[in-house]
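Enquirer: Sharing a structure, written as structure tokens. Questions coming.
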Amino acid sequence: MALNGETKTESTNGEQVSRHQEVGHKSLLQSDALYQYILETSVYPREPEPMKELREVTAKHPWNIMTTSADEGQFLNMLLKLVNAKKTMEIGVFTGYSLLATALALPDDGKILAMDINRENYEMGLPIIEKAGVAHKIEFKEGPAMPILDQMIADEKNHGTFDFIFVDADKDNYINYHKRLIDLVKVGGLIGYDNTLWNGSVVAPPDAPMRKYVRYYKDFVLEFNKALSADPRIEICMLPVGDGITLCRRIK
């Protein structure tokens, strides 16, 4: 997938035809028309204005493929309301589309611990988050998440205190994140891991053509998915939303 979120296919007459033109599009749906129907019927008519503005601002970023898709943002927003989440965490923020979806869903006294190695990207979306009136819910920490998580785990007061945690970061560390997050999320709480179908590469043959970054992380994603399926501490549900999101409900 091109960095601008658009791929090209060649028609029978040799013309270049644009596919999946939506910014940050990561849907695994095979039909462009069906995905467009979902966006136009369900997502865009109900997308809060701040999220729409942030999505359009992010479209100008050279790495806009990293953003959460609009349909996944809608899903996260409703999920958080359904579970009455109040204390959440997000690892991997980028410009903050999923973060904004979360902040809008939480009550006014809700809190989000947000971590990313790049503050500049976060600050690109921060004015919109502030204008939406939800910036007070966010505590942003710049830098690798692992040392912060280790510090939190060292204090048992943090154990089992998070209602929801969303991870959209370095795939080669997903297993390491999970080892720590399982102690921080409450029993009955949820952890959502993004990109667990990884551009569909999880079922691609070894010699299939794919971008270098997709090929590099493919085995890490496969290993992680296998580990989740064998973890007796959680119930899991893998959803074909966006690029695949696996929900883990801690049961013990």
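Convention: chains lettered A, B, ... in structure tokens order; per-chain residue numbering from 1; ligands numbered from 1 as shown.
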Please provide as a list of chain:residue names all residues within 12 Å of Pro209 of chain A, with the sequence filter that same-chain residues fewer than 5 positions apart are discarded (counting only C-alpha atoms).
Expert: A:Met1, A:Asn199, A:Gly200, A:Ser201, A:Ala204, A:Val214, A:Arg215
Enquirer: For segment 146-213 of chain A against segment 64-77 of chain A, with a cut-off of 12 Å and counting only C-alpha atoms, what is the closest atom pair and its distance in Å to one decimal for every residue that makes the cut, ordered by chain and number, as a Markdown table?
Expert:
```
| residue | atom | partner | partner_atom | distance |
| --- | --- | --- | --- | --- |
| A:Phe164 | CA | A:Leu76 | CA | 10.3 |
| A:Ile165 | CA | A:Leu76 | CA | 10.9 |
| A:Phe166 | CA | A:Leu76 | CA | 9.2 |
| A:Val167 | CA | A:Thr68 | CA | 11.3 |
| A:Asp168 | CA | A:Thr68 | CA | 8.8 |
| A:Ala169 | CA | A:Met66 | CA | 9.7 |
| A:Asp170 | CA | A:Met66 | CA | 11.4 |
| A:Leu190 | CA | A:Leu76 | CA | 11.4 |
| A:Ile191 | CA | A:Leu76 | CA | 11.4 |
| A:Gly192 | CA | A:Leu76 | CA | 9.2 |
| A:Tyr193 | CA | A:Leu76 | CA | 11.6 |
| A:Asp194 | CA | A:Thr68 | CA | 8.9 |
| A:Asn195 | CA | A:Thr68 | CA | 9.9 |
| A:Asn199 | CA | A:Ile65 | CA | 11.8 |
```
Enquirer: Rank nothing, just name the residue among A:Ser42, A:Asn118, A:Gln36, A:Thr161 nearest to Lys141 of chain A, using only C-alpha atoms.
Expert: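 Smallest separation from Lys141 of chain A among the options: A:Asn118.
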Enquirer: Using only C-alpha atoms, pick whichever of A:Ala208, A:Ile251, A:Phe162, A:Gly110 has the shortest atom-to-atom distance to His136 of chain A.
Expert: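 Answer, going by the shortest atom-to-atom distance: A:Gly110.
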Enquirer: State, in Å with one decimal place, the distance from atom CA of Ile234 of chain A to atom CA of Phe220 of chain A.
Expert: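 Atom CA of Phe220 of chain A lies 19.8 Å from atom CA of Ile234 of chain A.
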Enquirer: Could you give me, as a PyMOL selection string, the residues within 9 Å of Val221 of chain A, counting only C-alpha atoms and dropping anything in the same chain fewer than 2 positions from it?
Expert: chain A and resi 171-172+174+195-198+202+217-219+223-226
Enquirer: Let's have the selection written as a CSV table (one decimal), in the first residue's frame, with N, CA, C and O atoms.
Expert:
```csv
chain,number,residue,atom,x,y,z
A,171,LYS,N,5.3,-3.8,16.1
A,171,LYS,CA,4.8,-5.1,16.1
A,171,LYS,C,5.8,-6.1,16.7
A,171,LYS,O,5.3,-7.2,17.3
A,172,ASP,N,7.1,-5.9,16.6
A,172,ASP,CA,8.0,-6.8,17.2
A,172,ASP,C,8.1,-6.8,18.7
A,172,ASP,O,8.7,-7.6,19.3
A,174,TYR,N,5.0,-6.5,20.4
A,174,TYR,CA,3.6,-6.8,20.9
A,174,TYR,C,3.6,-7.8,22.0
A,174,TYR,O,2.9,-7.7,23.0
A,195,ASN,N,-3.7,-4.2,13.9
A,195,ASN,CA,-2.9,-4.7,12.8
A,195,ASN,C,-2.6,-6.2,12.9
A,195,ASN,O,-1.6,-6.7,12.4
A,196,THR,N,-3.5,-7.0,13.5
A,196,THR,CA,-3.2,-8.4,13.8
A,196,THR,C,-3.4,-9.3,12.5
A,196,THR,O,-3.2,-10.5,12.6
A,197,LEU,N,-4.0,-8.7,11.5
A,197,LEU,CA,-4.1,-9.4,10.2
A,197,LEU,C,-3.0,-8.9,9.2
A,197,LEU,O,-2.9,-9.4,8.1
A,198,TRP,N,-2.3,-7.8,9.5
A,198,TRP,CA,-1.1,-7.3,8.9
A,198,TRP,C,-1.2,-7.3,7.4
A,198,TRP,O,-0.5,-8.1,6.7
A,202,VAL,N,-0.6,-12.5,6.8
A,202,VAL,CA,-0.6,-13.6,7.7
A,202,VAL,C,-1.0,-14.9,7.0
A,202,VAL,O,-0.7,-16.0,7.5
A,217,TYR,N,7.8,-7.5,9.6
A,217,TYR,CA,7.0,-7.7,10.8
A,217,TYR,C,6.0,-8.9,10.7
A,217,TYR,O,5.4,-9.3,11.7
A,218,LYS,N,5.9,-9.5,9.6
A,218,LYS,CA,4.9,-10.6,9.4
A,218,LYS,C,5.1,-11.7,10.4
A,218,LYS,O,4.1,-12.1,11.1
A,219,ASP,N,6.3,-12.2,10.6
A,219,ASP,CA,6.6,-13.3,11.5
A,219,ASP,C,6.3,-12.9,12.9
A,219,ASP,O,5.8,-13.7,13.8
A,223,GLU,N,3.6,-14.8,15.3
A,223,GLU,CA,4.0,-15.4,16.6
A,223,GLU,C,3.1,-14.8,17.7
A,223,GLU,O,2.7,-15.5,18.6
A,224,PHE,N,2.8,-13.5,17.6
A,224,PHE,CA,2.0,-12.9,18.6
A,224,PHE,C,0.5,-13.4,18.5
A,224,PHE,O,0.0,-13.8,19.6
A,225,ASN,N,0.0,-13.6,17.4
A,225,ASN,CA,-1.4,-14.2,17.3
A,225,ASN,C,-1.5,-15.6,17.9
A,225,ASN,O,-2.4,-15.9,18.5
A,226,LYS,N,-0.4,-16.3,17.6
A,226,LYS,CA,-0.4,-17.7,18.2
A,226,LYS,C,-0.3,-17.7,19.7
A,226,LYS,O,-0.9,-18.5,20.4
```
